[in-house]
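Reproduced below: final.pdb, with PDB, C-alpha atoms and all ligand atoms.
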ATOM      1  CA  MET A   1       0.000   0.000   0.000
ATOM      2  CA  ASN A   2       1.119   3.551  -0.636
ATOM      3  CA  SER A   3      -0.270   7.066  -0.737
ATOM      4  CA  SER A   4      -0.379   9.787  -3.353
ATOM      5  CA  TYR A   5      -2.540  12.642  -4.672
ATOM      6  CA  TYR A   6      -5.319  12.735  -7.234
ATOM      7  CA  ALA A   7      -3.483  14.682  -9.943
ATOM      8  CA  ILE A   8      -1.109  11.781 -10.661
ATOM      9  CA  ALA A   9      -3.245   8.872  -9.508
ATOM     10  CA  SER A  10      -4.846   5.978 -11.326
ATOM     11  CA  PRO A  11      -8.548   5.339 -10.610
ATOM     12  CA  THR A  12      -7.869   1.582 -10.858
ATOM     13  CA  SER A  13      -5.813   1.235  -7.683
ATOM     14  CA  GLY A  14      -6.396   4.692  -6.177
ATOM     15  CA  ILE A  15      -8.849   4.974  -3.288
ATOM     16  CA  ALA A  16     -10.293   8.376  -2.489
ATOM     17  CA  ILE A  17     -10.141   9.086   1.235
ATOM     18  CA  SER A  18     -11.071  12.761   1.069
ATOM     19  CA  HIS A  19     -14.514  13.891   2.209
ATOM     20  CA  TYR A  20     -15.433  14.638  -1.401
ATOM     21  CA  PRO A  21     -13.525  12.913  -4.226
ATOM     22  CA  PRO A  22     -12.729  15.152  -7.227
ATOM     23  CA  LEU A  23     -15.571  15.807  -9.676
ATOM     24  CA  GLY A  24     -15.786  12.911 -12.132
ATOM     25  CA  TRP A  25     -13.642  10.583  -9.962
ATOM     26  CA  LYS A  26     -14.173   7.024 -11.286
ATOM     27  CA  GLY A  27     -12.243   5.105  -8.627
ATOM     28  CA  SER A  28     -13.254   3.812  -5.196
ATOM     29  CA  HIS A  29     -14.093   5.987  -2.210
ATOM     30  CA  TYR A  30     -13.539   4.945   1.413
ATOM     31  CA  PRO A  31     -15.385   7.599   3.423
ATOM     32  CA  ASP A  32     -14.505   6.064   6.828
ATOM     33  CA  LEU A  33     -11.035   7.596   6.410
ATOM     34  CA  ALA A  34     -12.257  11.024   5.305
ATOM     35  CA  PRO A  35     -12.055  13.749   7.935
ATOM     36  CA  ASN A  36     -15.617  14.499   8.978
ATOM     37  CA  ALA A  37     -17.313  17.724   7.860
ATOM     38  CA  ASP A  38     -16.886  19.482  11.250
ATOM     39  CA  LEU A  39     -13.171  18.811  11.269
ATOM     40  CA  LEU A  40     -12.732  19.805   7.649
ATOM     41  CA  ASN A  41     -14.726  23.022   7.949
ATOM     42  CA  GLY A  42     -13.151  23.926  11.280
ATOM     43  CA  PHE A  43      -9.707  23.549   9.753
ATOM     44  CA  LYS A  44     -10.617  25.527   6.636
ATOM     45  CA  GLN A  45     -12.087  28.305   8.780
ATOM     46  CA  LYS A  46      -8.926  28.223  10.915
ATOM     47  CA  LYS A  47     -10.835  27.242  14.069
ATOM     48  CA  PHE A  48      -8.279  24.424  14.421
ATOM     49  CA  ASP A  49      -4.587  24.475  13.801
ATOM     50  CA  VAL A  50      -2.741  21.383  12.564
ATOM     51  CA  GLU A  51      -2.112  20.124  16.094
ATOM     52  CA  ASP A  52      -5.868  20.224  16.845
ATOM     53  CA  TYR A  53      -6.565  18.589  13.496
ATOM     54  CA  ASN A  54      -4.067  15.821  14.216
ATOM     55  CA  LYS A  55      -5.641  15.167  17.631
ATOM     56  CA  ILE A  56      -9.270  15.228  16.482
ATOM     57  CA  TYR A  57      -8.548  13.176  13.383
ATOM     58  CA  HIS A  58      -6.757  10.531  15.464
ATOM     59  CA  GLN A  59      -9.833  10.292  17.698
ATOM     60  CA  GLN A  60     -11.744   9.453  14.517
ATOM     61  CA  LEU A  61      -9.107   6.887  13.411
ATOM     62  CA  ASP A  62      -9.063   5.258  16.833
ATOM     63  CA  LYS A  63     -12.713   4.259  16.371
ATOM     64  CA  LEU A  64     -11.680   2.139  13.376
ATOM     65  CA  ASP A  65     -10.113  -1.307  13.302
ATOM     66  CA  PRO A  66      -6.842  -0.911  11.332
ATOM     67  CA  LYS A  67      -6.863  -4.597  10.288
ATOM     68  CA  LYS A  68     -10.338  -4.237   8.800
ATOM     69  CA  VAL A  69      -9.398  -0.958   7.109
ATOM     70  CA  TRP A  70      -6.297  -2.620   5.606
ATOM     71  CA  SER A  71      -8.268  -5.545   4.170
ATOM     72  CA  ASP A  72     -11.109  -3.269   2.954
ATOM     73  CA  LEU A  73      -8.592  -1.127   1.052
ATOM     74  CA  TYR A  74      -7.012  -4.161  -0.628
ATOM     75  CA  ALA A  75     -10.469  -5.451  -1.561
ATOM     76  CA  LEU A  76     -11.239  -2.102  -3.240
ATOM     77  CA  ALA A  77      -7.984  -1.987  -5.242
ATOM     78  CA  ASN A  78      -8.991  -4.605  -7.824
ATOM     79  CA  GLY A  79      -5.956  -6.799  -7.205
ATOM     80  CA  ALA A  80      -3.478  -3.895  -7.418
ATOM     81  CA  GLU A  81      -1.513  -2.213  -4.618
ATOM     82  CA  PRO A  82      -3.972   0.279  -3.081
ATOM     83  CA  THR A  83      -3.048   3.965  -3.127
ATOM     84  CA  LEU A  84      -4.592   6.258  -0.498
ATOM     85  CA  LEU A  85      -5.529   9.512  -2.193
ATOM     86  CA  CYS A  86      -6.307  13.057  -1.200
ATOM     87  CA  PHE A  87      -5.704  16.408  -2.879
ATOM     88  CA  GLU A  88      -2.537  17.907  -1.444
ATOM     89  CA  LYS A  89       0.537  17.831  -3.607
ATOM     90  CA  PRO A  90       3.827  17.359  -1.768
ATOM     91  CA  LYS A  91       6.316  20.197  -2.028
ATOM     92  CA  ALA A  92       8.520  19.869  -5.102
ATOM     93  CA  GLN A  93      11.690  19.256  -3.106
ATOM     94  CA  LEU A  94      10.050  16.312  -1.359
ATOM     95  CA  ALA A  95       9.311  14.712  -4.695
ATOM     96  CA  VAL A  96      13.007  14.938  -5.538
ATOM     97  CA  THR A  97      14.504  13.842  -2.236
ATOM     98  CA  GLY A  98      11.728  11.565  -0.991
ATOM     99  CA  TYR A  99      12.307  13.112   2.418
ATOM    100  CA  GLU A 100       9.171  13.084   4.496
ATOM    101  CA  PRO A 101       8.746  15.710   7.186
ATOM    102  CA  HIS A 102       6.202  15.265   9.928
ATOM    103  CA  PRO A 103       2.814  15.523   8.184
ATOM    104  CA  CYS A 104       1.716  18.143  10.686
ATOM    105  CA  ASP A 105       4.407  20.580   9.681
ATOM    106  CA  PRO A 106       2.333  23.147   7.751
ATOM    107  CA  ASN A 107       5.429  24.834   6.355
ATOM    108  CA  LEU A 108       6.316  21.716   4.472
ATOM    109  CA  TRP A 109       3.242  19.689   3.819
ATOM    110  CA  PHE A 110       0.015  18.836   5.522
ATOM    111  CA  CYS A 111      -2.397  16.153   4.464
ATOM    112  CA  HIS A 112      -4.459  13.531   6.192
ATOM    113  CA  ARG A 113      -3.424  10.652   3.901
ATOM    114  CA  ARG A 114      -0.019  10.649   5.615
ATOM    115  CA  LEU A 115      -1.738  10.570   9.014
ATOM    116  CA  VAL A 116      -3.658   7.499   7.817
ATOM    117  CA  ALA A 117      -0.457   5.990   6.399
ATOM    118  CA  GLN A 118       1.392   6.471   9.687
ATOM    119  CA  TRP A 119      -1.559   5.156  11.698
ATOM    120  CA  LEU A 120      -1.578   1.962   9.570
ATOM    121  CA  GLU A 121       2.201   1.683   9.785
ATOM    122  CA  SER A 122       2.294   1.921  13.561
ATOM    123  CA  SER A 123      -0.840  -0.191  14.176
ATOM    124  CA  LEU A 124       0.062  -3.030  11.821
ATOM    125  CA  ASN A 125       3.842  -2.802  11.528
ATOM    126  CA  LYS A 126       3.544  -2.200   7.762
ATOM    127  CA  THR A 127       5.141   0.316   5.401
ATOM    128  CA  VAL A 128       2.940   2.793   3.543
ATOM    129  CA  PRO A 129       5.237   5.137   1.593
ATOM    130  CA  GLU A 130       4.245   8.236  -0.359
ATOM    131  CA  THR A 131       4.739   7.754  -4.104
ATOM    132  CA  PHE A 132       5.994  10.581  -6.273
ATOM    133  CA  ARG A 133       5.419   8.962  -9.622
ATOM    134  CA  GLU A 134       4.996  11.422 -12.462
ATOM    135  CA  LYS A 135       2.037  10.909 -14.710
ATOM    136  CA  PRO A 136       3.250   8.716 -17.568
ATOM    137  CA  GLY A 137       1.504  10.804 -20.297
ATOM    138  CA  LEU A 138       2.639  11.984 -23.638
ATOM    139  CA  LYS A 139       5.686  14.197 -24.056
ATOM    140  CA  HIS A 140       5.542  16.899 -26.718
ATOM    141  CA  LEU A 141       8.923  16.963 -28.492
ATOM    142  CA  GLY A 142       8.416  19.615 -31.201
ATOM    143  CA  PHE A 143       7.111  20.172 -34.717
ATOM    144  CA  ILE A 144       8.347  19.382 -38.184
ATOM    145  CA  ARG A 145       7.668  22.625 -40.051
ATOM    146  CA  SER A 146      10.085  23.088 -42.930
ATOM    147  CA  GLY A 147       9.945  20.000 -45.101
ATOM    148  CA  LEU A 148       6.490  18.942 -43.899
ATOM    149  CA  ASN A 149       5.029  19.211 -47.403
ATOM    150  CA  ASP A 150       7.901  17.139 -48.787
ATOM    151  CA  LEU A 151       7.243  14.558 -46.070
ATOM    152  CA  LYS A 152       3.558  14.419 -47.073
ATOM    153  CA  SER A 153       4.573  13.895 -50.704
ATOM    154  CA  TRP A 154       6.861  11.083 -49.585
ATOM    155  CA  CYS A 155       3.954   9.528 -47.612
ATOM    156  CA  ARG A 156       1.807   9.518 -50.773
ATOM    157  CA  THR A 157       4.534   7.733 -52.729
ATOM    158  CA  GLN A 158       4.345   4.815 -50.257
ATOM    159  CA  GLN A 159       0.806   3.893 -51.267
ATOM    160  CA  PRO A 160       1.701   1.198 -53.868
ATOM    161  CA  THR A 161       3.889  -0.705 -51.383
ATOM    162  CA  GLU A 162       2.015  -0.240 -48.083
ATOM    163  CA  LYS A 163       0.063  -3.260 -46.807
ATOM    164  CA  PRO A 164      -3.222  -3.638 -44.893
ATOM    165  CA  THR A 165      -2.447  -3.979 -41.188
ATOM    166  CA  ALA A 166      -2.611  -7.412 -39.569
ATOM    167  CA  SER A 167      -3.827  -5.859 -36.297
ATOM    168  CA  SER A 168      -7.498  -6.350 -35.468
ATOM    169  CA  TYR A 169      -7.333  -3.100 -33.442
ATOM    170  CA  ALA A 170      -6.887  -0.953 -36.572
ATOM    171  CA  ARG A 171      -9.002  -2.482 -39.317
ATOM    172  CA  GLY A 172      -8.643  -0.547 -42.574
ATOM    173  CA  ARG A 173      -5.219   0.907 -41.755
ATOM    174  CA  PHE A 174      -2.226   0.498 -44.066
ATOM    175  CA  GLU A 175       1.351   0.182 -42.907
ATOM    176  CA  LYS A 176       4.942  -0.429 -43.872
ATOM    177  CA  TRP A 177       8.048  -1.204 -41.806
ATOM    178  CA  TYR A 178      11.500   0.304 -42.150
ATOM    179  CA  GLU A 179      14.812  -1.098 -40.846
ATOM    180  CA  HIS A 180      13.193  -3.942 -38.862
ATOM    181  CA  GLU A 181       9.761  -5.498 -39.008
ATOM    182  CA  PHE A 182       7.959  -7.118 -36.052
ATOM    183  CA  LYS A 183       5.938 -10.194 -36.968
ATOM    184  CA  LEU A 184       3.156 -10.608 -34.430
ATOM    185  CA  THR A 185       3.896 -14.273 -33.775
ATOM    186  CA  MET A 186       4.799 -16.141 -30.580
ATOM    187  CA  PRO A 187       7.735 -16.003 -30.135
ATOM    188  CA  VAL A 188       8.032 -12.716 -31.979
ATOM    189  CA  GLU A 189       9.913 -12.730 -35.275
ATOM    190  CA  ILE A 190      12.006  -9.716 -36.171
ATOM    191  CA  LEU A 191      12.911  -9.423 -39.815
ATOM    192  CA  PRO A 192      15.035  -6.967 -41.766
ATOM    193  CA  ALA A 193      12.851  -4.377 -43.521
ATOM    194  CA  GLU A 194      13.248  -1.717 -46.178
ATOM    195  CA  HIS A 195      15.785   1.065 -45.695
ATOM    196  CA  ASP A 196      14.990   4.653 -46.676
ATOM    197  CA  GLU A 197      17.946   6.894 -45.966
ATOM    198  CA  ARG A 198      15.875  10.049 -45.462
ATOM    199  CA  ILE A 199      13.450   8.405 -43.028
ATOM    200  CA  TYR A 200      16.347   6.688 -41.275
ATOM    201  CA  GLN A 201      18.141  10.042 -40.783
ATOM    202  CA  LEU A 202      14.954  11.730 -39.533
ATOM    203  CA  GLY A 203      14.373   8.875 -37.061
ATOM    204  CA  GLN A 204      17.929   8.994 -35.729
ATOM    205  CA  ARG A 205      17.534  12.732 -35.084
ATOM    206  CA  LEU A 206      14.207  12.318 -33.287
ATOM    207  CA  TYR A 207      14.998   9.068 -31.436
ATOM    208  CA  PRO A 208      18.733   8.299 -31.592
ATOM    209  CA  GLY A 209      19.540   4.595 -31.539
ATOM    210  CA  ASN A 210      16.075   3.398 -32.566
ATOM    211  CA  HIS A 211      15.902   0.105 -34.471
ATOM    212  CA  SER A 212      12.654   0.245 -36.330
ATOM    213  CA  CYS A 213      10.203   2.639 -37.969
ATOM    214  CA  LEU A 214       6.550   1.884 -38.625
ATOM    215  CA  PHE A 215       4.879   3.980 -41.332
ATOM    216  CA  LEU A 216       1.099   4.195 -40.901
ATOM    217  CA  HIS A 217      -1.591   5.374 -43.313
ATOM    218  CA  TYR A 218      -5.102   6.110 -42.009
ATOM    219  CA  LEU A 219      -7.946   6.955 -44.381
ATOM    220  CA  PRO A 220     -10.760   9.191 -43.050
ATOM    221  CA  GLY A 221     -12.858   7.371 -40.435
ATOM    222  CA  ILE A 222     -10.104   4.872 -39.501
ATOM    223  CA  GLY A 223      -8.557   4.850 -36.010
ATOM    224  CA  ILE A 224      -7.030   2.334 -33.626
ATOM    225  CA  LEU A 225      -8.803   0.846 -30.616
ATOM    226  CA  PRO A 226      -7.264   0.982 -27.094
ATOM    227  CA  HIS A 227      -4.201  -1.284 -26.978
ATOM    228  CA  ARG A 228      -0.651  -1.634 -25.700
ATOM    229  CA  ASP A 229       2.248  -2.096 -28.125
ATOM    230  CA  HIS A 230       3.994  -5.404 -28.655
ATOM    231  CA  THR A 231       6.186  -6.687 -25.820
ATOM    232  CA  ALA A 232       9.176  -7.134 -28.175
ATOM    233  CA  SER A 233       9.793  -3.369 -28.247
ATOM    234  CA  GLU A 234      10.881  -1.014 -25.495
ATOM    235  CA  ALA A 235       8.136   1.176 -24.026
ATOM    236  CA  TRP A 236       9.256   4.545 -25.441
ATOM    237  CA  VAL A 237       7.954   5.387 -28.916
ATOM    238  CA  VAL A 238       8.514   8.630 -30.830
ATOM    239  CA  SER A 239       5.938   9.493 -33.451
ATOM    240  CA  VAL A 240       5.293  12.229 -36.031
ATOM    241  CA  ASN A 241       1.687  13.024 -36.877
ATOM    242  CA  ILE A 242       1.296  13.942 -40.561
ATOM    243  CA  GLY A 243      -1.636  15.262 -42.582
ATOM    244  CA  ALA A 244      -4.472  15.948 -40.119
ATOM    245  CA  PRO A 245      -5.026  16.953 -36.511
ATOM    246  CA  VAL A 246      -6.000  13.831 -34.545
ATOM    247  CA  VAL A 247      -7.266  12.905 -31.090
ATOM    248  CA  PHE A 248      -4.833  10.596 -29.297
ATOM    249  CA  ARG A 249      -5.827   8.996 -26.000
ATOM    250  CA  HIS A 250      -3.173   7.820 -23.566
ATOM    251  CA  GLY A 251      -4.176   6.358 -20.203
ATOM    252  CA  ASP A 252      -6.826   8.719 -18.864
ATOM    253  CA  ASP A 253      -5.506  11.671 -20.900
ATOM    254  CA  VAL A 254      -6.691  13.025 -24.228
ATOM    255  CA  TYR A 255      -4.364  14.936 -26.586
ATOM    256  CA  GLN A 256      -4.957  16.751 -29.840
ATOM    257  CA  LEU A 257      -1.938  16.165 -32.084
ATOM    258  CA  GLU A 258      -1.363  18.744 -34.797
ATOM    259  CA  ASP A 259      -0.083  18.241 -38.317
ATOM    260  CA  GLY A 260       3.709  17.837 -38.013
ATOM    261  CA  GLN A 261       3.710  17.384 -34.243
ATOM    262  CA  VAL A 262       6.377  15.092 -32.817
ATOM    263  CA  ALA A 263       5.568  13.357 -29.527
ATOM    264  CA  GLY A 264       7.003  10.570 -27.395
ATOM    265  CA  PHE A 265       4.911   8.287 -25.214
ATOM    266  CA  ASP A 266       4.971   5.091 -23.167
ATOM    267  CA  SER A 267       3.542   2.538 -25.603
ATOM    268  CA  LYS A 268       2.960  -0.017 -22.839
ATOM    269  CA  GLN A 269       0.247   2.220 -21.404
ATOM    270  CA  ILE A 270      -3.160   1.842 -23.007
ATOM    271  CA  HIS A 271      -3.454   4.206 -25.989
ATOM    272  CA  SER A 272      -5.762   4.722 -28.952
ATOM    273  CA  LEU A 273      -6.502   7.021 -31.859
ATOM    274  CA  ASP A 274     -10.000   8.326 -32.569
ATOM    275  CA  PRO A 275     -11.168   7.840 -36.177
ATOM    276  CA  VAL A 276      -9.267  10.469 -38.145
ATOM    277  CA  PRO A 277     -11.158  13.325 -39.850
ATOM    278  CA  GLN A 278      -8.939  13.417 -42.961
ATOM    279  CA  GLU A 279      -6.244  11.292 -44.532
ATOM    280  CA  ARG A 280      -3.446  10.949 -41.986
ATOM    281  CA  TRP A 281      -0.023   9.326 -41.838
ATOM    282  CA  ALA A 282       2.384   8.713 -38.994
ATOM    283  CA  LEU A 283       5.977   7.623 -38.647
ATOM    284  CA  SER A 284       6.797   5.976 -35.336
ATOM    285  CA  TRP A 285      10.205   4.819 -34.162
ATOM    286  CA  ARG A 286      10.957   2.267 -31.469
ATOM    287  CA  CYS A 287      13.798   0.210 -30.002
ATOM    288  CA  ILE A 288      13.776  -3.574 -29.993
ATOM    289  CA  LYS A 289      14.421  -5.191 -26.603
ATOM    290  CA  PRO A 290      17.998  -6.565 -26.456
ATOM    291  CA  GLU A 291      16.909 -10.209 -26.062
ATOM    292  CA  HIS A 292      14.953 -10.041 -29.337
ATOM    293  CA  LEU A 293      17.596  -8.034 -31.137
ATOM    294  CA  ASN A 294      20.295 -10.538 -30.137
ATOM    295  CA  ARG A 295      18.137 -13.445 -31.224
ATOM    296  CA  GLN A 296      17.564 -11.778 -34.558
ATOM    297  CA  LEU A 297      21.314 -11.240 -35.020
ATOM    298  CA  THR A 298      22.122 -14.905 -34.385
ATOM    299  CA  LEU A 299      19.400 -15.942 -36.832
ATOM    300  CA  PHE A 300      20.962 -13.900 -39.596
ATOM    301  CA  ASN A 301      24.675 -14.486 -38.934
TER     302      ASN A 301
HETATM  303 FE    FE A 401       0.313   1.641 -30.317
END
Would you mind writing the file out in structure tokens?
Amino acid sequence: MNSSYYAIASPTSGIAISHYPPLGWKGSHYPDLAPNADLLNGFKQKKFDVEDYNKIYHQQLDKLDPKKVWSDLYALANGAEPTLLCFEKPKAQLAVTGYEPHPCDPNLWFCHRRLVAQWLESSLNKTVPETFREKPGLKHLGFIRSGLNDLKSWCRTQQPTEKPTASSYARGRFEKWYEHEFKLTMPVEILPAEHDERIYQLGQRLYPGNHSCLFLHYLPGIGILPHRDHTASEAWVVSVNIGAPVVFRHGDDVYQLEDGQVAGFDSKQIHSLDPVPQERWALSWRCIKPEHLNRQLTLFN
């Protein structure tokens, strides 16, 4: 079990323990651990200081059975490690150092999830650390501006040699591999693919050391359903969106990608593309995991 704050939390394993969860919260709520309305309002109206809050809130906790609370929280976490959630964000320096001051020190950080965490730790001899994980979302890397029209012309020239995708998640899409191709077999087969010097050079600038480029062609109305990328590649993928603005969904986040936008993302997180409004292409570069790359090398030596 750990604790964190809503802004970076997952609704799958996160359990809201604030009096009111955030608007639209889709995860579990465990109101027994929420400070009651009198305590919350008294604190907001400065009737109580943090020492009072700590004392009154512990009176509330002491009415609960920590063993039952522990097992309730695990039952709510859908098989994952439960994360106790409230609103307060730790100070930036704490996220870097991991140093935890006393949760009642208002100059540093004050939140009741750490009071719950420490109550569980001391009652049950467990560890409930704060997690400082950054949201894994999409990282905007820049735009291709000069040369974008040339790149679109190049995309159009691929049409005679692109192939319908084998993936059932993107019916109607066309694709073509460069440098290395992944065959979706078990175990995965990695085959040498076509080389295009210009695309290779662009890929090495945007994602140095990558092993493979997948060229994608979407006609209007075609998208890709929520999926994770193949396990044979490393998680990080760098992609250029070409031809139309598109809606890209990654985890719980939604991004509009512009024509020419370059972005990197964790391809092992669930992601999808809404049906595109106009013809759209993408180039996406990835690294092959060393065990597959080595296997491929021995096959071809
Ligand atoms: Fe993908």
Let me have all residues with an atom within 6 Å of ligand FE 401 (chain A), counting all atoms listed in the file, laid out as a ChimeraX atom specification.
/A:228-229,267
When distances are computed from all atoms listed in the file, which of A:Gly142, A:Pro66, A:Gly172, A:Pro187 shows the smallest separation from Asn125 in chain A?
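Nearest candidate to Asn125 in chain A out of A:Gly142, A:Pro66, A:Gly172, A:Pro187: A:Pro66.
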Calculate how many Å separate CA of Gln269 in chain A from CA of His140 in chain A, rounding to one decimal.
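Straight-line distance from CA of Gln269 in chain A to CA of His140 in chain A works out to 16.5 Å.
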Apply the PyMOL selection byres (((chain A and resi 70-78) around 7) and not hetatm) to the structure shown and report the selected residues as a list of chain:residue names.
A:Thr12, A:Ser13, A:Gly14, A:Ser28, A:Pro66, A:Lys67, A:Lys68, A:Val69, A:Gly79, A:Ala80, A:Glu81, A:Pro82
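Counting from CA of Ser212 in chain A, the distance to CA of Thr185 in chain A is 17.1 Å.
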Can you tell me, as number ranges by chain, what residues are no more than 8 Å from range 36-48 of chain A when counting only C-alpha atoms, ignoring any on the same chain fewer than 5 positions away?
A: 19, 53, 56-57
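Here the question is which of A:Trp119, A:Trp236, A:Tyr200, A:Tyr5 gets nearest to Leu64 in chain A using all atoms listed in the file, and that residue is A:Trp119.
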Looking at only C-alpha atoms, which of A:Ala16, A:Ala193, A:Leu219, A:Cys287 is the one that sits closest to Arg173 in chain A?
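Nearest to Arg173 in chain A: A:Leu219.
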Quick one: everything within 10 Å of Leu151 in chain A, counting all atoms listed in the file, minus sequence neighbours fewer than 4 positions away in the same chain. Send it as an MDAnalysis selection string.
chainID A and resid 144 146:147 155:157 198:199 242:243 260 281
Enter the distance from CA of His217 in chain A to CA of Phe143 in chain A, in Å, rounded to one decimal.
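That distance, rounded to one decimal, is 19.2 Å.
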Matched chain/residue IDs from the PyMOL selection byres (((chain A and resi 180) around 9) and not hetatm), as a PyMOL selection string:
chain A and resi 177-179+181-182+190-195+211-214+288
Apply the PyMOL selection byres (((chain A and resi 169) around 10) and not hetatm) to the structure shown and report the selected residues as a count of residues only.
14
Selected residue, from A:Leu115, A:Ala9, A:Tyr30, A:Ser122, that lies nearest to Thr83 in chain A when counting only C-alpha atoms
A:Ala9
Do a neighbour search on Ala117 in chain A at 10 Å with all atoms listed in the file, toss out local chain neighbours closer than 5 positions, and write the hits as a PyMOL selection string.
chain A and resi 1-3+84+112+122-123+126-130
Kindly indicate which residue among A:Asp274, A:Glu162, A:Asp150, A:Asp196 lies nearest to Arg249 in chain A, using all atoms listed in the file for the distances.
A:Asp274
Go through A:Leu202, A:Ile270, A:Ala244, A:Val276 and flag the residue nearest Pro220 in chain A, using all atoms listed in the file for the distances.
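Under the stated criterion, the closest residue is A:Val276.
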Near Tyr6 in chain A, counting all atoms listed in the file, which residues have an atom at most 8 Å away, once you skip same-chain residues fewer than 5 positions from it, shown as a list in words?
Pro22, Leu85, Cys86 and Phe87 of chain A
Protein, DNA and RNA residues within 12 Å of (-4.6, 15.5, -25.6), all atoms listed in the file, as a ChimeraX atom specification:
/A:137-140,245-258,263,265,271-274
Residue rebuild result range 250-268 of chain A, N, CA and C atoms as an mmCIF file, in the coordinates of the input:
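Now in out_14.cif:
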data_model
loop_
_atom_site.group_PDB
_atom_site.id
_atom_site.type_symbol
_atom_site.label_atom_id
_atom_site.label_comp_id
_atom_site.auth_asym_id
_atom_site.auth_seq_id
_atom_site.Cartn_x
_atom_site.Cartn_y
_atom_site.Cartn_z
ATOM 1 N N HIS A 250 -4.272 8.539 -24.222
ATOM 2 C CA HIS A 250 -3.173 7.820 -23.566
ATOM 3 C C HIS A 250 -3.508 7.728 -22.092
ATOM 4 N N GLY A 251 -3.702 6.486 -21.581
ATOM 5 C CA GLY A 251 -4.176 6.358 -20.203
ATOM 6 C C GLY A 251 -5.499 7.094 -20.066
ATOM 7 N N ASP A 252 -5.591 7.952 -19.060
ATOM 8 C CA ASP A 252 -6.826 8.719 -18.864
ATOM 9 C C ASP A 252 -6.767 10.072 -19.569
ATOM 10 N N ASP A 253 -5.687 10.341 -20.304
ATOM 11 C CA ASP A 253 -5.506 11.671 -20.900
ATOM 12 C C ASP A 253 -5.876 11.682 -22.382
ATOM 13 N N VAL A 254 -6.309 12.855 -22.824
ATOM 14 C CA VAL A 254 -6.691 13.025 -24.228
ATOM 15 C C VAL A 254 -5.848 14.156 -24.803
ATOM 16 N N TYR A 255 -5.229 13.929 -25.960
ATOM 17 C CA TYR A 255 -4.364 14.936 -26.586
ATOM 18 C C TYR A 255 -4.820 15.181 -28.016
ATOM 19 N N GLN A 256 -4.758 16.436 -28.430
ATOM 20 C CA GLN A 256 -4.957 16.751 -29.840
ATOM 21 C C GLN A 256 -3.561 16.885 -30.437
ATOM 22 N N LEU A 257 -3.250 16.082 -31.428
ATOM 23 C CA LEU A 257 -1.938 16.165 -32.084
ATOM 24 C C LEU A 257 -2.102 16.914 -33.394
ATOM 25 N N GLU A 258 -1.260 17.913 -33.598
ATOM 26 C CA GLU A 258 -1.363 18.744 -34.797
ATOM 27 C C GLU A 258 -0.558 18.142 -35.941
ATOM 28 N N ASP A 259 -0.841 18.653 -37.129
ATOM 29 C CA ASP A 259 -0.083 18.241 -38.317
ATOM 30 C C ASP A 259 1.397 18.590 -38.099
ATOM 31 N N GLY A 260 2.269 17.607 -38.187
ATOM 32 C CA GLY A 260 3.709 17.837 -38.013
ATOM 33 C C GLY A 260 4.195 17.708 -36.587
ATOM 34 N N GLN A 261 3.296 17.458 -35.651
ATOM 35 C CA GLN A 261 3.710 17.384 -34.243
ATOM 36 C C GLN A 261 4.477 16.093 -33.955
ATOM 37 N N VAL A 262 5.564 16.246 -33.211
ATOM 38 C CA VAL A 262 6.377 15.092 -32.817
ATOM 39 C C VAL A 262 6.152 14.871 -31.321
ATOM 40 N N ALA A 263 5.833 13.642 -30.945
ATOM 41 C CA ALA A 263 5.568 13.357 -29.527
ATOM 42 C C ALA A 263 6.146 11.997 -29.166
ATOM 43 N N GLY A 264 6.552 11.857 -27.908
ATOM 44 C CA GLY A 264 7.003 10.570 -27.395
ATOM 45 C C GLY A 264 6.007 10.098 -26.348
ATOM 46 N N PHE A 265 5.851 8.789 -26.221
ATOM 47 C CA PHE A 265 4.911 8.287 -25.214
ATOM 48 C C PHE A 265 5.289 6.872 -24.805
ATOM 49 N N ASP A 266 4.750 6.448 -23.674
ATOM 50 C CA ASP A 266 4.971 5.091 -23.167
ATOM 51 C C ASP A 266 3.968 4.174 -23.860
ATOM 52 N N SER A 267 4.455 3.347 -24.786
ATOM 53 C CA SER A 267 3.542 2.538 -25.603
ATOM 54 C C SER A 267 3.007 1.324 -24.854
ATOM 55 N N LYS A 268 3.494 1.102 -23.619
ATOM 56 C CA LYS A 268 2.960 -0.017 -22.839
ATOM 57 C C LYS A 268 1.755 0.421 -22.006
#
